[in-house]
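To be precise, the following lines are data25.txt, and they hold compact mmCIF, C-alpha atoms.
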# COMPACT_ATOMS: atom_id res chain seq x y z
CA MET U 23 0.00 0.00 0.00
CA MET U 24 1.15 3.54 -0.70
CA ILE U 25 1.94 5.51 2.45
CA ALA U 26 0.99 9.18 2.61
CA GLU U 27 3.84 11.66 2.80
CA ILE U 28 2.04 15.01 2.99
CA THR U 29 3.43 16.79 6.07
CA TRP U 30 1.37 19.87 6.96
CA THR U 31 3.43 22.58 8.68
CA VAL U 32 1.46 25.73 7.86
CA ASP U 33 1.33 28.26 10.71
CA PRO U 34 -2.27 29.19 11.64
CA ALA U 35 -1.22 32.86 11.82
CA ILE U 36 -0.52 34.85 8.67
CA PHE U 37 1.27 37.62 10.59
CA SER U 38 1.14 39.44 13.91
CA ILE U 39 0.47 43.05 14.85
CA GLY U 40 1.93 43.49 18.30
CA SER U 41 0.42 40.76 20.45
CA ARG U 42 -2.50 40.22 18.07
CA GLU U 43 -2.34 37.56 15.39
CA ILE U 44 -4.11 37.70 12.05
CA ARG U 45 -5.09 34.09 11.34
CA TRP U 46 -6.08 32.27 8.20
CA TYR U 47 -9.30 31.20 9.91
CA ALA U 48 -10.36 34.81 10.53
CA LEU U 49 -9.38 35.76 6.97
CA ALA U 50 -11.55 32.91 5.65
CA PHE U 51 -14.52 34.28 7.59
CA ILE U 52 -13.96 37.81 6.27
CA ILE U 53 -13.52 36.73 2.64
CA GLY U 54 -16.56 34.46 2.89
CA PHE U 55 -18.84 37.15 4.25
CA ALA U 56 -17.55 39.74 1.74
CA ALA U 57 -18.14 37.37 -1.20
CA GLY U 58 -21.54 36.40 0.18
CA TYR U 59 -22.50 40.06 0.47
CA LYS U 60 -21.67 40.72 -3.19
CA ILE U 61 -23.63 37.67 -4.35
CA VAL U 62 -26.70 38.61 -2.33
CA GLU U 63 -26.37 42.15 -3.67
CA ARG U 64 -26.76 40.73 -7.18
CA MET U 65 -29.89 38.91 -6.03
CA TRP U 66 -31.29 42.13 -4.59
CA LYS U 67 -30.93 43.81 -7.99
CA ARG U 68 -32.37 40.81 -9.82
CA GLU U 69 -35.51 40.84 -7.66
CA ASN U 70 -35.79 44.62 -7.26
CA VAL U 71 -35.48 44.35 -3.49
CA PRO U 72 -35.19 47.64 -1.55
CA PRO U 73 -31.44 48.35 -1.09
CA GLY U 74 -32.00 49.30 2.55
CA TRP U 75 -32.73 45.68 3.40
CA LEU U 76 -29.24 44.45 2.47
CA ASP U 77 -26.91 45.81 5.16
CA PRO U 78 -29.21 44.75 8.03
CA LEU U 79 -29.17 41.20 6.60
CA LEU U 80 -25.37 41.17 6.85
CA TYR U 81 -25.43 42.41 10.44
CA TYR U 82 -28.12 39.97 11.56
CA THR U 83 -26.43 37.05 9.80
CA PHE U 84 -22.96 37.82 11.13
CA ALA U 85 -24.24 38.15 14.70
CA GLY U 86 -26.34 35.00 14.43
CA THR U 87 -23.44 33.00 13.00
CA ILE U 88 -20.88 33.97 15.64
CA ILE U 89 -23.22 33.78 18.64
CA GLY U 90 -24.88 30.57 17.50
CA ALA U 91 -21.65 28.82 16.50
CA ARG U 92 -19.98 29.70 19.80
CA LEU U 93 -22.93 28.69 21.96
CA GLY U 94 -23.31 25.53 19.88
CA HIS U 95 -19.72 24.50 20.55
CA CYS U 96 -19.99 25.28 24.25
CA LEU U 97 -23.36 23.61 24.85
CA PHE U 98 -23.22 20.69 22.40
CA TYR U 99 -19.64 19.56 22.99
CA SER U 100 -18.41 20.84 26.39
CA PRO U 101 -21.46 21.89 28.45
CA ASP U 102 -20.02 20.90 31.83
CA HIS U 103 -16.88 22.96 31.34
CA TYR U 104 -18.52 26.09 29.99
CA LEU U 105 -21.48 26.09 32.37
CA ALA U 106 -18.97 25.89 35.22
CA ASN U 107 -16.85 28.65 33.61
CA PRO U 108 -19.38 30.83 31.73
CA ILE U 109 -16.95 33.72 31.20
CA GLU U 110 -14.95 31.46 28.87
CA ILE U 111 -17.90 31.33 26.48
CA LEU U 112 -16.93 34.88 25.49
CA LYS U 113 -13.38 33.85 24.50
CA VAL U 114 -14.18 33.25 20.84
CA TRP U 115 -10.58 34.04 19.86
CA GLU U 116 -9.43 30.84 21.62
CA GLY U 117 -11.35 28.74 19.09
CA GLY U 118 -14.42 26.57 19.31
CA LEU U 119 -17.25 27.18 16.83
CA ALA U 120 -19.88 24.59 15.87
CA SER U 121 -21.49 24.77 12.44
CA HIS U 122 -24.80 23.33 13.68
CA GLY U 123 -24.97 26.04 16.32
CA GLY U 124 -24.17 28.61 13.64
CA VAL U 125 -27.14 27.42 11.59
CA LEU U 126 -29.46 27.63 14.58
CA GLY U 127 -28.12 31.11 15.33
CA ILE U 128 -28.81 32.21 11.77
CA ILE U 129 -32.37 30.85 11.95
CA VAL U 130 -33.04 32.95 15.04
CA ALA U 131 -31.37 35.99 13.43
CA ILE U 132 -33.47 35.67 10.28
CA TRP U 133 -36.65 35.44 12.36
CA PHE U 134 -35.78 38.86 13.79
CA TYR U 135 -34.76 40.16 10.36
CA SER U 136 -38.01 39.05 8.73
CA ARG U 137 -40.04 40.48 11.57
CA ASN U 138 -38.23 43.83 11.81
CA VAL U 139 -36.83 44.56 8.35
CA SER U 140 -38.15 42.68 5.29
CA HIS U 141 -41.63 41.70 6.56
CA ARG U 142 -41.45 38.77 4.17
CA SER U 143 -41.34 35.06 4.96
CA MET U 144 -38.20 33.58 6.46
CA LEU U 145 -38.01 31.17 3.51
CA TRP U 146 -37.79 34.11 1.10
CA THR U 147 -34.72 35.29 3.00
CA PHE U 148 -33.19 31.84 3.45
CA ASP U 149 -33.26 31.14 -0.29
CA LYS U 150 -31.06 34.20 -0.78
CA LEU U 151 -28.86 33.60 2.21
CA VAL U 152 -27.95 29.94 1.68
CA THR U 153 -26.94 30.40 -1.96
CA PRO U 154 -23.49 31.83 -1.09
CA THR U 155 -23.27 29.99 2.25
CA GLY U 156 -21.68 26.91 0.71
CA LEU U 157 -18.75 29.09 -0.34
CA VAL U 158 -18.46 30.57 3.16
CA ALA U 159 -18.56 27.09 4.73
CA ALA U 160 -15.86 25.83 2.35
CA LEU U 161 -13.59 28.73 3.26
CA ILE U 162 -14.12 28.07 6.96
CA ARG U 163 -13.13 24.43 6.50
CA LEU U 164 -9.95 25.63 4.80
CA GLY U 165 -9.42 27.74 7.92
CA ASN U 166 -9.72 24.52 9.96
CA LEU U 167 -7.06 22.99 7.74
CA MET U 168 -4.74 25.90 8.52
CA ASN U 169 -5.45 25.39 12.22
CA HIS U 170 -4.51 21.68 12.09
CA GLU U 171 -7.95 20.76 13.48
CA VAL U 172 -11.08 18.75 12.65
CA TYR U 173 -9.18 16.10 10.71
CA GLY U 174 -9.91 12.41 10.29
CA HIS U 175 -8.79 8.92 11.15
CA PRO U 176 -5.42 7.53 10.05
CA THR U 177 -5.26 6.45 6.41
CA ASP U 178 -2.78 4.91 3.99
CA LEU U 179 -4.26 6.79 1.05
CA PRO U 180 -1.70 8.91 -0.85
CA TRP U 181 -3.38 12.20 0.10
CA GLY U 182 -3.28 11.62 3.86
CA PHE U 183 -1.97 14.59 5.88
CA ARG U 184 0.36 14.51 8.88
CA PHE U 185 -0.85 17.32 11.14
CA ILE U 186 1.06 18.91 14.03
CA GLU U 187 -0.50 17.66 17.27
CA ASN U 188 1.46 19.88 19.70
CA LEU U 189 0.61 23.04 17.77
CA SER U 190 0.90 25.52 20.64
CA ALA U 191 4.26 24.15 21.79
CA TRP U 192 5.55 23.99 18.21
CA ARG U 193 4.66 27.63 17.66
CA GLN U 194 6.71 28.47 20.76
CA GLY U 195 9.79 26.66 19.43
CA ALA U 196 9.32 23.01 20.34
CA GLU U 197 9.91 20.18 17.90
CA PRO U 198 6.69 19.21 16.09
CA VAL U 199 4.85 16.03 17.03
CA PHE U 200 3.03 14.79 13.95
CA SER U 201 -0.11 12.73 13.71
CA ALA U 202 -0.23 9.56 11.67
CA PRO U 203 -1.17 10.23 8.03
CA SER U 204 -4.85 11.13 8.36
CA HIS U 205 -7.88 11.89 6.22
CA PRO U 206 -7.91 15.65 5.45
CA THR U 207 -11.63 15.78 6.17
CA GLN U 208 -11.48 19.59 6.05
CA LEU U 209 -10.78 19.28 2.31
CA TYR U 210 -13.49 16.66 1.82
CA GLU U 211 -16.06 18.95 3.41
CA ALA U 212 -14.77 22.01 1.57
CA ALA U 213 -15.18 20.19 -1.76
CA CYS U 214 -18.76 19.13 -0.92
CA TYR U 215 -19.65 22.64 0.20
CA LEU U 216 -18.22 24.17 -2.99
CA LEU U 217 -20.32 21.76 -5.08
CA THR U 218 -23.37 22.77 -3.05
CA PHE U 219 -22.53 26.42 -3.64
CA ALA U 220 -22.30 25.82 -7.40
CA LEU U 221 -25.63 23.96 -7.38
CA CYS U 222 -27.41 26.72 -5.45
CA MET U 223 -25.98 29.42 -7.74
CA TRP U 224 -27.17 27.46 -10.80
CA LEU U 225 -30.62 26.98 -9.30
CA TYR U 226 -30.96 30.65 -8.45
CA PHE U 227 -29.48 32.40 -11.48
CA LYS U 228 -30.16 29.85 -14.24
CA LYS U 229 -33.33 28.03 -13.17
CA ASP U 230 -35.10 30.83 -11.24
CA ALA U 231 -35.67 28.39 -8.38
CA TRP U 232 -36.12 31.39 -6.05
CA LYS U 233 -39.69 31.65 -7.34
CA ARG U 234 -40.54 28.54 -5.32
CA GLU U 235 -39.91 29.68 -1.75
CA GLY U 236 -37.90 27.23 0.27
CA LEU U 237 -36.63 25.10 -2.64
CA ILE U 238 -33.04 26.37 -2.66
CA PHE U 239 -33.01 26.39 1.14
CA GLY U 240 -34.21 22.78 1.31
CA ILE U 241 -31.72 21.54 -1.28
CA PHE U 242 -28.92 23.35 0.54
CA MET U 243 -29.85 21.73 3.85
CA CYS U 244 -30.00 18.26 2.31
CA CYS U 245 -26.66 18.60 0.53
CA ILE U 246 -24.67 20.24 3.30
CA PHE U 247 -25.81 18.05 6.16
CA THR U 248 -25.81 14.78 4.22
CA ALA U 249 -22.18 15.49 3.35
CA ARG U 250 -21.46 16.38 6.97
CA PHE U 251 -23.17 13.20 8.21
CA LEU U 252 -21.17 10.94 5.88
CA ILE U 253 -17.79 12.60 6.37
CA GLU U 254 -18.20 12.36 10.15
CA PHE U 255 -17.57 8.60 9.78
CA LEU U 256 -13.99 9.50 8.84
CA LYS U 257 -13.42 12.14 11.53
CA ASN U 258 -11.83 11.87 14.92
CA ASP U 259 -14.19 12.51 17.81
CA GLN U 260 -14.07 16.11 18.98
CA GLU U 261 -14.91 15.19 22.57
CA THR U 262 -14.19 12.04 24.60
CA PHE U 263 -17.86 11.33 25.35
CA GLU U 264 -18.46 10.68 21.64
CA ALA U 265 -16.40 7.48 21.78
CA SER U 266 -19.34 5.60 23.30
CA MET U 267 -21.86 6.88 20.74
CA THR U 268 -22.98 4.91 17.67
CA LEU U 269 -23.33 8.19 15.82
CA ASN U 270 -21.24 11.13 17.00
CA MET U 271 -22.65 14.51 18.00
CA GLY U 272 -22.13 16.02 14.56
CA GLN U 273 -24.13 13.21 12.95
CA CYS U 274 -26.94 13.35 15.51
CA LEU U 275 -27.27 17.09 14.92
CA SER U 276 -27.19 16.68 11.12
CA ILE U 277 -30.16 14.31 10.86
CA PRO U 278 -32.86 16.89 11.80
CA PHE U 279 -31.43 19.36 9.30
CA VAL U 280 -31.55 16.78 6.47
CA LEU U 281 -35.17 15.89 7.34
CA ALA U 282 -36.10 19.58 7.46
CA GLY U 283 -34.45 20.07 4.08
CA LEU U 284 -36.49 17.23 2.54
CA TYR U 285 -39.66 18.74 3.95
CA PHE U 286 -38.96 22.17 2.45
CA VAL U 287 -38.05 20.69 -0.95
CA LEU U 288 -41.33 18.73 -1.13
CA ARG U 289 -43.28 21.73 0.14
CA ALA U 290 -41.73 24.03 -2.47
CA LEU U 291 -42.34 21.62 -5.35
CA LYS U 292 -46.04 21.49 -4.44
CA SER U 293 -46.36 25.27 -4.12
CA THR U 294 -47.28 27.84 -6.76
CA PRO U 295 -44.29 29.87 -8.01
CA THR U 296 -44.24 33.48 -6.79
CA ASP U 297 -42.27 36.32 -8.39
CA HIS U 298 -41.72 39.09 -5.84
CA SER U 299 -39.73 41.11 -8.38
CA LYS U 300 -42.91 42.13 -10.21
CA PRO U 301 -44.28 45.53 -9.16
CA HIS U 302 -47.60 44.14 -7.88
CA ALA U 303 -45.80 41.62 -5.68
CA ARG U 304 -43.35 44.01 -4.03
CA ASN U 305 -43.55 44.77 -0.39
CA ARG U 306 -44.35 48.45 0.11
CA LYS U 307 -42.04 48.85 3.08

Would you encode the structure as structure tokens?
Amino acid sequence: MMIAEITWTVDPAIFSIGSREIRWYALAFIIGFAAGYKIVERMWKRENVPPGWLDPLLYYTFAGTIIGARLGHCLFYSPDHYLANPIEILKVWEGGLASHGGVLGIIVAIWFYSRNVSHRSMLWTFDKLVTPTGLVAALIRLGNLMNHEVYGHPTDLPWGFRFIENLSAWRQGAEPVFSAPSHPTQLYEAACYLLTFALCMWLYFKKDAWKREGLIFGIFMCCIFTARFLIEFLKNDQETFEASMTLNMGQCLSIPFVLAGLYFVLRALKSTPTDHSKPHARNRK
């Protein structure tokens, strides 16, 4: 069998300004949100949506993502630790964000956005929002790759990566301790998320799927969380308690999202197409 020889020694920090580091992970977030903003801006123009609705969507989504992802990590994976040390929940810069929590946070944020800004259905907003989200998610997984985290079981496949396990000590001058060649599950997920992004873009801009509210959202949920569910079989457990579980926490949390996605796809296919871009269908607000 061919043994993997890819040794990953990338530093998580791009550069430092004083005591503050600028990390690849943070850059991935920024690029993702900036690209997502420009894509949604194109959608706004395509559907003649009031321009004043766009910036609030960015603010609501960003807040929902960060708050939800952080709380999701703390409460889904390490509740005992964080409930005993609640001040540490605020230390986002130390790492620890859960994608499932981020999705839940965005759902709550969009409820407020729909109620206070657009006064349209949440599904109308979600169809716009999820279209670029696959790109954002792929970039975040590349940030995980740079952080030497969220990788998989040992493998003898030729693209296995040897990650630095004593990352903090290595960055302070110690000799690196490498993992066995392992599945780069960050890249597997990034590839699936990019394919989902391409599919959602095609559905929106080429097939006008946005006229069936909830269709793009449902397809996105099915694709993203089915991929996450399957790739979890190759991942190392994030927490020790997962070792005794038939399905790990990431898989258990993915199943409801896949089922919800199927529901919204079926619901959309049975619905009558609606074109909000026409003058008679516009919201007056």

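With all atoms listed in the file as the atoms that count, the residue of U:Asn188, U:Ser143, U:Gln260, U:Thr153 with the shortest distance to Phe200 of chain U is U:Asn188.
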
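Of the listed residues (U:Ile128, U:Leu93, U:Lys228, U:Tyr47), U:Leu93 comes nearest to Ile111 of chain U; the distances count only C-alpha atoms.
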
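Between Asp178 of chain U and the residues U:Phe219, U:Lys233, U:Asp149, U:Ser204, the shortest atom-to-atom distance, using only C-alpha atoms, involves U:Ser204.
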
### Task
Compile the contact shell of Trp181 of chain U as a PyMOL selection string: residues with an atom at most 8 Å away, counting all atoms listed in the file, same-chain residues fewer than 4 positions apart removed.
chain U and resi 26-28+205-206

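Of the listed residues (U:Trp192, U:Tyr173, U:Phe227, U:Phe279), U:Phe227 comes nearest to Glu69 of chain U; the distances count only C-alpha atoms.
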
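Here atom CA of Gly182 of chain U is placed at a distance of 17.7 Å from atom CA of Asp259 of chain U.
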
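Nearest residue to Asn166 of chain U among U:Gly54, U:Gly195, U:Gly90, U:Pro34 is U:Pro34, counting only C-alpha atoms.
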
#### Entry: Å distance separating atom CA of Leu284 of chain U from atom CA of Phe84 of chain U, one decimal place
26.1 Å

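Between atom CA of Arg250 of chain U and atom CA of Lys60 of chain U lies a distance of 26.4 Å.
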
### Message
Env of Ala159 of chain U: 12 Å cut, atoms = only C-alpha atoms, seq-sep filter 5 positions within chain, self excluded. Answer as a ChimeraX atom specification.
### Response
/U:47,50-55,57-58,87,120-122,124-125,152-154,164-166,208-219,242,246-247,250

### Query
When distances are computed from only C-alpha atoms, which of U:Leu288, U:Leu167, U:Leu119, U:Leu126 shows the smallest separation from Tyr99 of chain U?
U:Leu119

Show which residues sit within 12 Å of Leu189 of chain U, as a PDB file with C-alpha atoms, in the frame of the given file. Count all atoms listed in the file, and ignore same-chain residues fewer than 4 positions away.
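Result went into out27.pdb, see below:
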ATOM      1  CA  TRP U  30       1.370  19.870   6.960  1.00  0.00           C
ATOM      2  CA  THR U  31       3.430  22.580   8.680  1.00  0.00           C
ATOM      3  CA  VAL U  32       1.460  25.730   7.860  1.00  0.00           C
ATOM      4  CA  ASP U  33       1.330  28.260  10.710  1.00  0.00           C
ATOM      5  CA  PRO U  34      -2.270  29.190  11.640  1.00  0.00           C
ATOM      6  CA  ALA U  35      -1.220  32.860  11.820  1.00  0.00           C
ATOM      7  CA  MET U 168      -4.740  25.900   8.520  1.00  0.00           C
ATOM      8  CA  ASN U 169      -5.450  25.390  12.220  1.00  0.00           C
ATOM      9  CA  HIS U 170      -4.510  21.680  12.090  1.00  0.00           C
ATOM     10  CA  GLU U 171      -7.950  20.760  13.480  1.00  0.00           C
ATOM     11  CA  PHE U 185      -0.850  17.320  11.140  1.00  0.00           C
ATOM     12  CA  ARG U 193       4.660  27.630  17.660  1.00  0.00           C
ATOM     13  CA  GLN U 194       6.710  28.470  20.760  1.00  0.00           C
ATOM     14  CA  GLY U 195       9.790  26.660  19.430  1.00  0.00           C
ATOM     15  CA  ALA U 196       9.320  23.010  20.340  1.00  0.00           C
ATOM     16  CA  GLU U 197       9.910  20.180  17.900  1.00  0.00           C
ATOM     17  CA  PRO U 198       6.690  19.210  16.090  1.00  0.00           C
ATOM     18  CA  VAL U 199       4.850  16.030  17.030  1.00  0.00           C
ATOM     19  CA  PHE U 200       3.030  14.790  13.950  1.00  0.00           C
ATOM     20  CA  SER U 201      -0.110  12.730  13.710  1.00  0.00           C
TER      21      SER U 201
END
